[in-house]
>>> print(open('query21.cif').read())   # mmCIF, C-alpha atoms and all ligand atoms
data_coords
loop_
_atom_site.label_atom_id
_atom_site.label_comp_id
_atom_site.auth_asym_id
_atom_site.auth_seq_id
_atom_site.Cartn_x
_atom_site.Cartn_y
_atom_site.Cartn_z
CA MET A 254 -33.74 22.62 -42.10
CA ASN A 255 -35.24 19.47 -43.53
CA GLY A 256 -38.42 19.32 -45.59
CA ALA A 257 -40.63 19.29 -42.47
CA GLY A 258 -39.04 22.50 -41.21
CA ARG A 259 -37.15 20.75 -38.41
CA PRO A 260 -33.43 21.38 -37.91
CA ALA A 261 -31.24 18.79 -39.64
CA SER A 262 -30.11 17.25 -36.39
CA ARG A 263 -28.19 14.42 -38.07
CA GLY A 264 -25.51 16.89 -39.06
CA MET A 265 -24.90 17.71 -35.40
CA LEU A 266 -24.21 14.16 -34.28
CA SER A 267 -20.65 12.97 -33.79
CA PRO A 268 -19.29 11.35 -36.96
CA MET A 269 -20.02 7.62 -37.20
CA THR A 270 -16.50 6.81 -38.33
CA THR A 271 -13.18 8.39 -37.47
CA PRO A 272 -10.96 9.24 -40.44
CA PRO A 273 -7.58 7.46 -40.32
CA PHE A 274 -5.37 9.47 -37.98
CA ASP A 275 -2.39 7.17 -37.48
CA ALA A 276 -0.22 9.21 -39.81
CA LEU A 277 -1.00 12.32 -37.76
CA LEU A 278 0.06 10.88 -34.41
CA SER A 279 2.99 12.46 -32.59
CA THR A 280 6.19 10.53 -32.07
CA ARG A 281 5.31 10.43 -28.40
CA ALA A 282 1.94 8.82 -29.08
CA ARG A 283 3.63 6.14 -31.18
CA TYR A 284 5.95 4.86 -28.49
CA ALA A 285 5.24 1.31 -27.42
CA VAL A 286 1.77 1.06 -25.95
CA PRO A 287 2.21 0.59 -22.23
CA LEU A 288 1.03 -2.57 -20.53
CA THR A 289 -2.21 -1.93 -18.70
CA THR A 290 -3.73 -3.85 -15.87
CA PRO A 291 -6.35 -6.25 -17.20
CA ARG A 292 -9.69 -5.31 -15.61
CA GLN A 293 -12.43 -7.87 -15.11
CA SER A 294 -15.62 -7.22 -17.05
CA MET A 295 -17.88 -7.66 -14.00
CA SER A 296 -17.28 -5.21 -11.18
CA PRO A 297 -15.16 -7.07 -8.64
CA LEU A 298 -16.47 -8.30 -5.32
CA PHE A 299 -12.95 -7.98 -3.95
CA GLU A 300 -11.18 -4.89 -5.28
CA PHE A 301 -7.50 -5.60 -4.67
CA GLY A 302 -6.38 -4.07 -7.97
CA GLY A 303 -5.76 -0.32 -7.91
CA GLY A 304 -4.32 1.80 -5.11
CA TYR A 305 -7.73 3.24 -4.24
CA PRO A 306 -8.10 4.90 -0.87
CA ASP A 307 -10.86 3.59 1.40
CA PRO A 308 -14.03 5.60 0.58
CA VAL A 309 -15.27 5.10 4.16
CA SER A 310 -12.23 7.07 5.31
CA PHE A 311 -13.15 10.21 3.38
CA PRO A 312 -14.08 13.10 5.69
CA TYR A 313 -17.42 13.98 4.03
CA GLU A 314 -18.80 16.15 6.82
CA GLY A 315 -15.49 17.85 7.36
CA MET A 316 -15.21 18.70 3.67
CA ILE A 317 -18.72 20.15 3.62
CA GLU A 318 -17.87 22.35 6.59
CA ALA A 319 -14.51 23.33 5.09
CA THR A 320 -16.18 24.30 1.79
CA ALA A 321 -18.73 26.52 3.54
CA LYS A 322 -16.05 28.12 5.70
CA MET A 323 -13.78 28.68 2.73
CA MET A 324 -16.53 30.19 0.56
CA ALA A 325 -17.58 32.54 3.34
CA ALA A 326 -14.01 33.71 3.75
CA GLU A 327 -12.82 33.79 0.14
CA GLY A 328 -15.96 34.14 -1.99
CA ALA A 329 -15.44 34.76 -5.70
CA GLN A 330 -11.68 34.64 -5.35
CA ALA A 331 -11.96 30.87 -4.97
CA MET A 332 -13.72 30.53 -8.31
CA THR A 333 -11.43 32.36 -10.66
CA TYR A 334 -8.00 31.55 -12.13
CA GLY A 335 -5.35 31.16 -9.51
CA ASP A 336 -1.63 31.51 -8.92
CA PRO A 337 0.12 29.47 -11.66
CA GLN A 338 2.40 27.90 -9.06
CA GLY A 339 -0.57 26.82 -6.94
CA TYR A 340 -2.68 28.36 -4.17
CA ILE A 341 -0.31 29.84 -1.60
CA GLY A 342 -2.34 28.48 1.32
CA LEU A 343 -1.92 24.94 0.01
CA ARG A 344 1.79 25.44 -0.61
CA GLU A 345 2.15 26.61 2.99
CA LEU A 346 0.17 23.62 4.20
CA ILE A 347 2.43 21.24 2.26
CA CYS A 348 5.47 22.80 3.96
CA HIS A 349 3.75 22.35 7.31
CA LYS A 350 2.95 18.73 6.46
CA TYR A 351 6.59 18.02 5.60
CA GLN A 352 7.67 19.57 8.88
CA LEU A 353 5.05 17.63 10.86
CA PHE A 354 5.58 14.16 9.43
CA GLU A 355 9.16 14.19 8.20
CA MET A 356 10.86 17.07 9.99
CA MET A 357 11.74 18.44 6.58
CA LYS A 358 12.04 22.16 6.14
CA THR A 359 11.02 23.69 2.85
CA ARG A 360 9.35 26.86 1.62
CA PRO A 361 6.23 27.61 -0.42
CA GLU A 362 8.38 28.95 -3.28
CA ASN A 363 9.78 25.44 -3.73
CA ILE A 364 6.35 23.88 -4.32
CA VAL A 365 4.47 23.56 -7.63
CA VAL A 366 0.91 22.28 -7.26
CA ALA A 367 -0.33 19.84 -9.92
CA ASN A 368 -3.32 17.65 -10.73
CA GLY A 369 -2.25 14.76 -8.51
CA SER A 370 1.31 13.52 -8.17
CA GLY A 371 0.80 11.66 -11.45
CA GLN A 372 0.78 14.97 -13.29
CA ALA A 373 3.50 16.32 -11.01
CA LEU A 374 5.82 13.47 -12.00
CA SER A 375 5.05 14.03 -15.64
CA LEU A 376 6.11 17.69 -15.31
CA ALA A 377 9.52 16.50 -14.16
CA PHE A 378 9.83 13.97 -17.00
CA SER A 379 8.76 16.62 -19.50
CA ALA A 380 11.31 19.08 -18.17
CA PHE A 381 14.27 16.70 -18.21
CA VAL A 382 13.73 13.69 -20.46
CA ASP A 383 14.09 13.68 -24.24
CA PRO A 384 13.53 10.63 -26.43
CA GLY A 385 16.59 8.40 -26.25
CA ASP A 386 17.88 9.85 -22.97
CA ALA A 387 19.00 7.33 -20.38
CA ILE A 388 17.11 7.18 -17.11
CA ILE A 389 17.28 4.74 -14.20
CA ILE A 390 14.18 3.34 -12.56
CA GLU A 391 13.37 0.55 -10.13
CA ALA A 392 12.25 -2.93 -11.18
CA PRO A 393 9.48 -3.33 -10.23
CA THR A 394 8.08 0.20 -10.20
CA PHE A 395 4.66 1.90 -10.15
CA SER A 396 2.91 1.06 -13.44
CA GLY A 397 1.30 4.52 -13.72
CA SER A 398 4.71 6.20 -13.70
CA LEU A 399 6.00 3.63 -16.14
CA ASN A 400 3.30 4.59 -18.62
CA THR A 401 4.20 8.27 -18.34
CA ILE A 402 7.90 7.49 -18.62
CA ARG A 403 7.36 5.42 -21.76
CA ARG A 404 5.52 8.30 -23.39
CA HIS A 405 8.74 10.33 -23.13
CA GLY A 406 10.65 7.69 -25.08
CA PRO A 407 13.77 7.31 -22.92
CA ARG A 408 16.18 4.42 -22.80
CA ILE A 409 15.05 2.84 -19.54
CA LEU A 410 17.70 1.16 -17.41
CA ASP A 411 16.16 -0.72 -14.53
CA VAL A 412 17.70 -1.81 -11.26
CA PRO A 413 16.35 -4.23 -8.66
CA VAL A 414 14.92 -3.37 -5.26
CA ASP A 415 15.52 -5.47 -2.16
CA ASP A 416 14.56 -5.14 1.52
CA GLU A 417 16.42 -1.81 1.72
CA GLY A 418 14.86 -0.37 -1.43
CA ILE A 419 16.74 0.48 -4.61
CA VAL A 420 19.99 -1.51 -4.91
CA THR A 421 22.55 1.26 -5.11
CA ASP A 422 25.37 -1.05 -6.26
CA ALA A 423 23.27 -1.78 -9.34
CA VAL A 424 22.65 1.96 -9.81
CA ARG A 425 26.42 2.54 -9.69
CA GLU A 426 27.02 -0.17 -12.30
CA ARG A 427 24.49 1.37 -14.67
CA LEU A 428 26.00 4.83 -14.19
CA GLN A 429 29.51 3.47 -14.83
CA THR A 430 28.37 1.74 -18.00
CA LEU A 431 26.77 4.92 -19.27
CA ARG A 432 29.91 6.91 -18.50
CA ARG A 433 32.01 4.39 -20.43
CA GLU A 434 29.64 4.90 -23.37
CA GLY A 435 30.17 8.65 -23.07
CA ARG A 436 26.56 9.10 -21.96
CA ARG A 437 24.91 10.57 -18.93
CA CYS A 438 21.88 9.48 -16.94
CA LYS A 439 19.26 12.22 -16.90
CA LEU A 440 17.50 11.14 -13.73
CA ILE A 441 16.94 8.34 -11.27
CA TYR A 442 13.27 7.74 -10.42
CA THR A 443 12.74 6.11 -7.03
CA ILE A 444 9.79 5.45 -4.70
CA VAL A 445 11.25 5.84 -1.24
CA ASN A 446 8.57 4.75 1.24
CA PHE A 447 6.56 1.49 1.05
CA GLN A 448 7.66 1.12 -2.52
CA ASN A 449 4.83 0.49 -4.96
CA PRO A 450 4.55 -2.43 -5.59
CA ALA A 451 7.32 -4.29 -3.70
CA GLY A 452 6.86 -2.59 -0.32
CA PRO A 453 10.29 -1.80 1.14
CA SER A 454 11.29 1.59 2.48
CA GLN A 455 14.69 2.77 1.40
CA SER A 456 17.21 2.49 4.22
CA LEU A 457 19.17 5.53 5.38
CA ARG A 458 22.37 4.02 4.02
CA ARG A 459 20.86 3.58 0.58
CA ARG A 460 19.42 7.11 0.65
CA GLN A 461 22.85 8.52 1.38
CA GLU A 462 24.50 6.37 -1.28
CA LEU A 463 21.96 7.39 -3.89
CA ILE A 464 22.59 11.06 -3.26
CA ALA A 465 26.36 10.54 -3.39
CA LEU A 466 25.93 8.77 -6.73
CA ALA A 467 23.76 11.58 -8.11
CA HIS A 468 26.56 14.00 -7.28
CA GLU A 469 29.38 11.80 -8.54
CA TYR A 470 27.64 11.11 -11.86
CA ASP A 471 26.06 14.54 -12.23
CA THR A 472 22.44 13.47 -12.44
CA LEU A 473 19.09 14.21 -10.75
CA ILE A 474 16.86 12.17 -8.48
CA LEU A 475 13.07 12.18 -8.80
CA GLU A 476 11.81 11.06 -5.39
CA ASP A 477 8.21 9.82 -5.37
CA ASP A 478 6.47 9.61 -2.02
CA ALA A 479 2.73 9.02 -2.23
CA TYR A 480 2.28 7.12 1.04
CA GLY A 481 4.91 8.37 3.52
CA GLU A 482 2.47 9.62 6.17
CA LEU A 483 0.72 6.26 6.31
CA ARG A 484 3.41 4.54 8.34
CA PHE A 485 2.01 1.80 10.61
CA GLU A 486 5.30 0.98 12.29
CA GLY A 487 9.03 1.51 12.03
CA GLU A 488 11.03 4.69 11.91
CA THR A 489 10.38 7.63 9.56
CA LEU A 490 13.55 8.33 7.61
CA PRO A 491 14.59 11.67 6.19
CA PRO A 492 13.50 12.29 2.59
CA LEU A 493 16.18 12.36 -0.10
CA TYR A 494 15.18 15.99 -0.65
CA ALA A 495 16.13 16.81 2.95
CA LEU A 496 19.36 14.80 2.90
CA ASP A 497 20.63 16.41 -0.27
CA ARG A 498 22.61 19.60 0.03
CA GLY A 499 23.22 20.10 -3.67
CA GLY A 500 19.84 20.78 -5.29
CA ARG A 501 19.71 17.45 -7.10
CA VAL A 502 16.43 16.07 -5.76
CA ILE A 503 12.87 16.78 -6.90
CA ARG A 504 10.22 15.31 -4.63
CA ALA A 505 6.64 14.44 -5.63
CA GLY A 506 3.80 14.23 -3.11
CA THR A 507 0.00 13.94 -3.10
CA LEU A 508 -3.16 14.37 -1.07
CA SER A 509 -4.74 11.40 -2.90
CA LYS A 510 -4.04 8.83 -0.23
CA ILE A 511 -4.65 10.92 2.88
CA LEU A 512 -7.58 13.07 1.80
CA GLY A 513 -9.10 11.59 -1.33
CA ALA A 514 -7.89 10.80 -4.84
CA GLY A 515 -10.82 12.82 -6.25
CA VAL A 516 -9.38 16.09 -5.00
CA ARG A 517 -6.64 15.57 -7.63
CA LEU A 518 -4.00 17.53 -5.78
CA GLY A 519 -0.34 16.67 -5.83
CA TRP A 520 2.86 18.65 -6.14
CA LEU A 521 6.55 18.79 -6.80
CA CYS A 522 8.95 20.14 -4.23
CA ALA A 523 12.01 21.29 -6.15
CA PRO A 524 15.09 23.48 -5.94
CA LYS A 525 13.90 27.05 -6.46
CA ASP A 526 15.75 27.55 -9.77
CA MET A 527 13.91 24.61 -11.31
CA VAL A 528 10.44 25.79 -10.33
CA PRO A 529 9.82 28.07 -13.36
CA VAL A 530 10.67 25.36 -15.88
CA LEU A 531 8.58 22.71 -14.10
CA GLN A 532 5.66 25.10 -13.79
CA SER A 533 5.90 26.06 -17.46
CA PHE A 534 4.51 22.66 -18.43
CA LEU A 535 1.23 23.48 -16.70
CA PHE A 536 -1.40 25.19 -18.79
CA GLY A 537 -1.73 28.20 -16.52
CA GLY A 538 -4.49 29.47 -14.31
CA GLY A 539 -3.22 27.44 -11.39
CA THR A 540 -4.12 23.86 -10.58
CA ASN A 541 -7.61 23.39 -9.08
CA PRO A 542 -7.69 26.71 -7.19
CA PHE A 543 -11.10 25.88 -5.74
CA MET A 544 -10.27 22.40 -4.47
CA SER A 545 -6.88 23.60 -3.25
CA ARG A 546 -8.69 25.96 -0.92
CA VAL A 547 -11.21 23.40 0.29
CA ALA A 548 -8.45 20.88 0.97
CA THR A 549 -6.37 23.50 2.77
CA TYR A 550 -9.25 24.64 4.98
CA TYR A 551 -9.98 21.04 5.93
CA MET A 552 -6.40 19.92 6.43
CA LYS A 553 -5.15 22.92 8.39
CA ASP A 554 -7.53 22.10 11.24
CA ASN A 555 -7.56 18.31 10.96
CA MET A 556 -4.46 16.93 9.29
CA ALA A 557 -2.67 15.32 12.23
CA ALA A 558 -5.78 13.69 13.73
CA HIS A 559 -7.12 12.57 10.35
CA VAL A 560 -3.85 10.94 9.30
CA GLN A 561 -3.54 9.27 12.71
CA ARG A 562 -6.98 7.74 12.18
CA LEU A 563 -6.06 6.56 8.69
CA ILE A 564 -2.99 4.80 9.99
CA GLY A 565 -5.23 2.65 12.19
CA VAL A 566 -7.65 2.01 9.32
CA TYR A 567 -4.99 0.81 6.86
CA ARG A 568 -2.95 -1.12 9.41
CA ALA A 569 -6.01 -3.24 10.24
CA LYS A 570 -6.54 -3.96 6.54
CA ARG A 571 -2.93 -4.94 5.96
CA ASP A 572 -3.02 -7.27 8.94
CA ALA A 573 -6.28 -8.87 7.86
CA MET A 574 -4.98 -9.55 4.37
CA LEU A 575 -1.69 -10.91 5.69
CA LYS A 576 -3.58 -13.23 8.03
CA GLY A 577 -5.77 -14.57 5.22
CA LEU A 578 -2.74 -15.25 3.01
CA ASP A 579 -0.61 -16.72 5.76
CA GLU A 580 -3.28 -19.20 6.88
CA VAL A 581 -3.29 -20.79 3.44
CA LEU A 582 0.24 -20.24 2.17
CA ARG A 583 2.38 -20.68 5.27
CA ASP A 584 3.69 -24.13 4.28
CA THR A 585 4.48 -23.15 0.72
CA ASP A 586 7.44 -21.34 -0.81
CA ALA A 587 5.32 -18.24 -1.57
CA THR A 588 6.85 -15.00 -0.31
CA ILE A 589 4.66 -12.17 0.93
CA SER A 590 5.89 -8.65 1.67
CA ARG A 591 5.09 -7.04 5.01
CA PRO A 592 5.25 -3.31 4.28
CA GLU A 593 5.51 -0.91 7.21
CA GLY A 594 2.87 1.28 5.60
CA GLY A 595 1.18 2.19 2.35
CA PHE A 596 -1.45 0.24 0.41
CA PHE A 597 0.08 -2.89 -1.15
CA LEU A 598 1.29 -6.44 -0.68
CA TRP A 599 3.69 -8.01 -3.18
CA ILE A 600 3.46 -11.75 -3.50
CA LYS A 601 5.75 -14.27 -5.18
CA LEU A 602 3.38 -17.04 -6.13
CA PRO A 603 4.00 -20.58 -4.87
CA SER A 604 6.12 -22.56 -7.36
CA GLY A 605 4.04 -24.30 -9.94
CA THR A 606 1.11 -21.85 -9.85
CA ASP A 607 -0.41 -21.72 -13.32
CA LYS A 608 -0.83 -17.96 -13.85
CA LYS A 609 -3.48 -18.30 -16.52
CA ARG A 610 -5.58 -20.63 -14.37
CA LEU A 611 -5.13 -18.32 -11.38
CA ALA A 612 -6.44 -15.41 -13.46
CA GLU A 613 -9.47 -17.51 -14.50
CA ARG A 614 -10.21 -18.53 -10.93
CA ALA A 615 -9.95 -14.90 -9.83
CA VAL A 616 -12.46 -13.88 -12.50
CA GLU A 617 -14.86 -16.60 -11.28
CA ALA A 618 -14.52 -15.37 -7.70
CA ARG A 619 -14.56 -11.72 -8.88
CA ILE A 620 -11.28 -10.92 -7.19
CA GLN A 621 -9.34 -8.16 -8.92
CA TYR A 622 -5.55 -8.14 -8.51
CA THR A 623 -2.63 -6.79 -10.54
CA PRO A 624 -0.27 -9.21 -12.28
CA GLY A 625 3.45 -8.55 -11.78
CA PRO A 626 4.60 -7.85 -15.37
CA VAL A 627 2.88 -4.43 -15.56
CA PHE A 628 5.42 -3.17 -13.03
CA TYR A 629 8.48 -3.98 -15.15
CA ALA A 630 9.88 -1.81 -17.93
CA ASN A 631 12.03 -4.46 -19.54
CA GLY A 632 10.25 -7.73 -18.79
CA GLY A 633 9.94 -9.80 -15.62
CA GLY A 634 7.50 -10.19 -12.77
CA GLU A 635 5.64 -13.21 -14.18
CA ASP A 636 5.74 -14.99 -10.82
CA TYR A 637 4.43 -12.00 -8.87
CA ILE A 638 1.12 -10.31 -8.19
CA ARG A 639 0.27 -7.13 -6.29
CA LEU A 640 -2.68 -6.94 -3.92
CA ALA A 641 -4.03 -3.61 -2.67
CA PHE A 642 -5.52 -3.87 0.81
CA SER A 643 -6.55 -0.21 0.82
CA TYR A 644 -10.06 -0.30 -0.62
CA GLU A 645 -11.93 -3.20 0.99
CA GLN A 646 -12.82 -3.45 4.67
CA PRO A 647 -10.73 -5.83 6.84
CA ASP A 648 -13.22 -8.72 6.73
CA LYS A 649 -13.16 -8.69 2.95
CA CYS A 650 -9.38 -8.31 2.86
CA TYR A 651 -9.16 -11.47 4.95
CA GLU A 652 -11.80 -13.46 3.10
CA GLY A 653 -10.73 -12.45 -0.43
CA ALA A 654 -7.04 -13.07 0.35
CA ARG A 655 -7.86 -16.58 1.63
CA MET A 656 -9.88 -17.35 -1.47
CA LEU A 657 -7.15 -16.09 -3.77
CA ALA A 658 -4.47 -18.01 -1.85
CA LYS A 659 -6.51 -21.20 -2.21
CA ALA A 660 -6.85 -20.49 -5.92
CA MET A 661 -3.04 -20.22 -6.13
CA LEU A 662 -2.67 -23.70 -4.68
CA SER A 663 -5.27 -25.28 -6.92
CA ALA A 664 -4.27 -23.40 -10.10
C1 LIG B 1 3.96 5.57 -6.04
C2 LIG B 1 2.86 6.42 -6.59
N1 LIG B 1 3.16 7.61 -7.13
C3 LIG B 1 2.21 8.42 -7.64
C4 LIG B 1 0.88 8.05 -7.62
C5 LIG B 1 -0.11 8.99 -8.26
O1 LIG B 1 -1.10 9.39 -7.41
P1 LIG B 1 -2.00 10.69 -7.67
O2 LIG B 1 -1.85 11.09 -9.11
O3 LIG B 1 -3.38 10.26 -7.34
O4 LIG B 1 -1.47 11.73 -6.76
C6 LIG B 1 0.52 6.81 -7.06
C7 LIG B 1 -0.90 6.37 -7.06
O5 LIG B 1 -1.24 5.24 -6.90
C8 LIG B 1 1.53 5.97 -6.54
O6 LIG B 1 1.26 4.79 -6.01
#
>>> encode(input="query21.cif", output="structure tokens")
Amino acid sequence: MNGAGRPASRGMLSPMTTPPFDALLSTRARYAVPLTTPRQSMSPLFEFGGGYPDPVSFPYEGMIEATAKMMAAEGAQAMTYGDPQGYIGLRELICHKYQLFEMMKTRPENIVVANGSGQALSLAFSAFVDPGDAIIIEAPTFSGSLNTIRRHGPRILDVPVDDEGIVTDAVRERLQTLRREGRRCKLIYTIVNFQNPAGPSQSLRRRQELIALAHEYDTLILEDDAYGELRFEGETLPPLYALDRGGRVIRAGTLSKILGAGVRLGWLCAPKDMVPVLQSFLFGGGTNPFMSRVATYYMKDNMAAHVQRLIGVYRAKRDAMLKGLDEVLRDTDATISRPEGGFFLWIKLPSGTDKKRLAERAVEARIQYTPGPVFYANGGGEDYIRLAFSYEQPDKCYEGARMLAKAMLSA
């Protein structure tokens, strides 16, 4: 109490200064600070930066109905701690989804539900990667995964991707080098469909070669597939998890891109023996038991039709953005990916583009994009940018892409 009889509220405020805590940081927290995507200070008029799903595509009404239906059926059960491995209904739905879209058979006991596939991937890194361990990843690769990987402190060996996905000859070379050094690769992290950011889908030949290499060199594969259902054209290929007969593949998936990133539901699909160790890195109480139920109730009645609709939505956006870029850049030496699905275009800038000036022009026009270097573990990507066509509507994809392409030529 102060002199006037009022509580001394000052003492309850957060401290004005933070005591020095650097010396208390964990080894993991001290690893090189990851590169982050520079965000513009004004909210962008053209959001081509992150892999955000289209908010117009979210099934608002359907989710309201699913919530009511679920609560009527499950009541209080939905609002307490859940199965540590994840709600069984959702794990069954994931198995059904794999069967429906990829003809892959798996069982609920192989699935561990996590808070988005971002957390799912980090469970796998936590379970298998110690500081200093060698791992192989793609260059370029998804910047979010790269940040998580860096926090585990491994020696990162990167290999290029081409039109057929990860270059398996380069993987073999890295594995041979490690073997000569008397070392072993802990895991190979690969994004199989519509690779983020470069766009290719791994060919069947490469998938088979990668699995053969994992067996020959006694390592694991972490297969990341966040976009597989959103295939606009081309043939769906079997997942590495389905091709492997030796229990060497862990597969990560998510509902972020087909239902909504805010539901924060992803998972690992893993050989049964690995499930307990992967799950042990979760805090317990099950991941989002409530949302798992809502998502399951919605998806079990609507999944095929909803995904079919999304394919049309995202295809139109990709095509609009490609058109805008092509109209301006067609007589230049710029290269532009044409992914068969997913959310992103990967662009090699026309020779002579001044990257700093391009960034300034983009700020003026309030166009957000992601510069290439954030996708590389060991340097590179200066001549590239990634554009997400997922968030904006087709007219803005077209218009913003044209503006940015013009900025490339004048920068
Ligand atoms: C390749 C890839 N993997 C994983 C994720 C993580 O997604 P989430 O944590 O929302 O499931 C993303 C999101 O952009 C991604 O592009």
>>> closest_atom_pairs(input="query21.cif", of="chain A", to="ligand LIG 1 (chain B)", cutoff="7 Å", atoms="only C-alpha atoms and all ligand atoms", output="tab-separated table")
residue	atom	partner	partner_atom	distance
A:Gly304	CA	B:LIG1	O5	5.0
A:Asn368	CA	B:LIG1	O2	6.9
A:Gly369	CA	B:LIG1	O4	3.6
A:Ser370	CA	B:LIG1	O4	3.6
A:Gly371	CA	B:LIG1	O2	3.6
A:Gln372	CA	B:LIG1	O2	6.3
A:Phe395	CA	B:LIG1	C1	5.6
A:Ser398	CA	B:LIG1	N1	6.9
A:Ile444	CA	B:LIG1	C1	6.0
A:Gln448	CA	B:LIG1	C1	6.8
A:Asn449	CA	B:LIG1	C1	5.3
A:Asp477	CA	B:LIG1	N1	5.8
A:Asp478	CA	B:LIG1	C1	6.2
A:Ala479	CA	B:LIG1	C2	5.1
A:Gly506	CA	B:LIG1	O4	6.9
A:Thr507	CA	B:LIG1	O4	4.5
A:Leu508	CA	B:LIG1	O4	6.5
A:Ser509	CA	B:LIG1	O3	4.8
A:Ala514	CA	B:LIG1	O3	5.2
A:Arg517	CA	B:LIG1	O3	6.2
A:Leu518	CA	B:LIG1	O4	6.4
A:Gly519	CA	B:LIG1	O4	5.2
>>> atom_distance(input="query21.cif", atom1="atom CA of A:Thr333", atom2="atom CA of A:Gly539")
9.6 Å
>>> residues_around(input="query21.cif", residues="A:Val366", least_positions_apart="5", cutoff="8 Å", atoms="only C-alpha atoms", output="ChimeraX atom specification")
/A:338-340,344,373,518-521,539-540
>>> closest_residue(input="query21.cif", among="A:Ser454, A:Thr489, A:Thr623, A:Gln293", to="A:Ser590", atoms="only C-alpha atoms")
A:Ser454
>>> atom_distance(input="query21.cif", atom1="atom CA of A:Leu582", atom2="atom CA of A:Tyr567")
22.2 Å
>>> residues_around(input="query21.cif", residues="A:Pro524", least_positions_apart="6", cutoff="10 Å", atoms="all atoms listed in the file", output="ChimeraX atom specification")
/A:359,362-364,494,499-504
>>> write_last_selection(input="query21.cif", atoms="C-alpha atoms", output="tab-separated table (two decimals), keeping the file's coordinate frame")
chain	number	residue	atom	x	y	z
A	359	THR	CA	11.02	23.69	2.85
A	362	GLU	CA	8.38	28.95	-3.28
A	363	ASN	CA	9.78	25.44	-3.73
A	364	ILE	CA	6.35	23.88	-4.32
A	494	TYR	CA	15.18	15.99	-0.65
A	499	GLY	CA	23.22	20.10	-3.67
A	500	GLY	CA	19.84	20.78	-5.29
A	501	ARG	CA	19.71	17.45	-7.10
A	502	VAL	CA	16.43	16.07	-5.76
A	503	ILE	CA	12.87	16.78	-6.90
A	504	ARG	CA	10.22	15.31	-4.63
>>> residues_near_point(input="query21.cif", point="(25.1, -0.2, -11.9)", cutoff="12 Å", atoms="all atoms listed in the file", output="PyMOL selection string")
chain A and resi 389-391+410-413+419-433+438+441+463+466+470
>>> atom_distance(input="query21.cif", atom1="atom CA of A:Pro450", atom2="atom CA of A:Met356")
25.7 Å
>>> closest_residue(input="query21.cif", among="A:Ala618, A:Leu483, A:Ile474, A:Val566", to="A:Gly653", atoms="all atoms listed in the file")
A:Ala618
>>> closest_residue(input="query21.cif", among="A:Glu300, A:Asp383, A:Glu318, A:Glu486", to="A:Leu657", atoms="all atoms listed in the file")
A:Glu300
>>> residues_around(input="query21.cif", residues="A:Gly633", least_positions_apart="2", cutoff="12 Å", atoms="only C-alpha atoms", output="VMD selection string")
chain A and resid 392 to 394 411 to 413 624 to 631 635 to 638
>>> closest_residue(input="query21.cif", among="A:Gly538, A:Gly481, A:Pro407, A:Gly342", to="A:Glu327", atoms="only C-alpha atoms")
A:Gly342
>>> closest_residue(input="query21.cif", among="A:Asp275, A:Glu645, A:Glu652, A:Glu355", to="A:Pro308", atoms="all atoms listed in the file")
A:Glu645
>>> closest_residue(input="query21.cif", among="A:Ala612, A:Leu598, A:Ala495, A:Ile620", to="A:Ala451", atoms="only C-alpha atoms")
A:Leu598
>>> residues_around(input="query21.cif", residues="A:Phe642", least_positions_apart="2", cutoff="10 Å", atoms="all atoms listed in the file", output="ChimeraX atom specification")
/A:299-307,567-575,595-598,639-640,644-647,649-651,654
>>> residues_around(input="query21.cif", residues="A:Gly406", least_positions_apart="6", cutoff="9 Å", atoms="only C-alpha atoms", output="mmCIF file with C-alpha atoms, keeping the file's coordinate frame")
data_model
loop_
_atom_site.group_PDB
_atom_site.id
_atom_site.type_symbol
_atom_site.label_atom_id
_atom_site.label_comp_id
_atom_site.auth_asym_id
_atom_site.auth_seq_id
_atom_site.Cartn_x
_atom_site.Cartn_y
_atom_site.Cartn_z
ATOM 1 C CA THR A 280 6.190 10.530 -32.070
ATOM 2 C CA ARG A 281 5.310 10.430 -28.400
ATOM 3 C CA TYR A 284 5.950 4.860 -28.490
ATOM 4 C CA ALA A 285 5.240 1.310 -27.420
ATOM 5 C CA VAL A 382 13.730 13.690 -20.460
ATOM 6 C CA ASP A 383 14.090 13.680 -24.240
ATOM 7 C CA PRO A 384 13.530 10.630 -26.430
ATOM 8 C CA GLY A 385 16.590 8.400 -26.250
ATOM 9 C CA ASP A 386 17.880 9.850 -22.970
#
>>> decode(input="query21.cif", residues="stretch 366-382 of chain A", atoms="C-alpha atoms", output="tab-separated table (two decimals), in the first residue's frame")
chain	number	residue	atom	x	y	z
A	366	VAL	CA	-0.14	-35.16	-34.33
A	367	ALA	CA	1.76	-31.90	-33.75
A	368	ASN	CA	1.23	-28.15	-33.77
A	369	GLY	CA	1.64	-27.76	-37.54
A	370	SER	CA	4.21	-29.60	-39.61
A	371	GLY	CA	6.75	-27.02	-38.43
A	372	GLN	CA	6.61	-28.54	-34.96
A	373	ALA	CA	6.35	-32.03	-36.43
A	374	LEU	CA	9.63	-31.54	-38.30
A	375	SER	CA	11.28	-30.22	-35.19
A	376	LEU	CA	10.30	-33.40	-33.30
A	377	ALA	CA	12.22	-35.40	-35.87
A	378	PHE	CA	15.28	-33.13	-35.67
A	379	SER	CA	15.16	-33.28	-31.87
A	380	ALA	CA	14.96	-37.05	-31.91
A	381	PHE	CA	17.85	-37.62	-34.31
A	382	VAL	CA	20.17	-34.63	-34.58
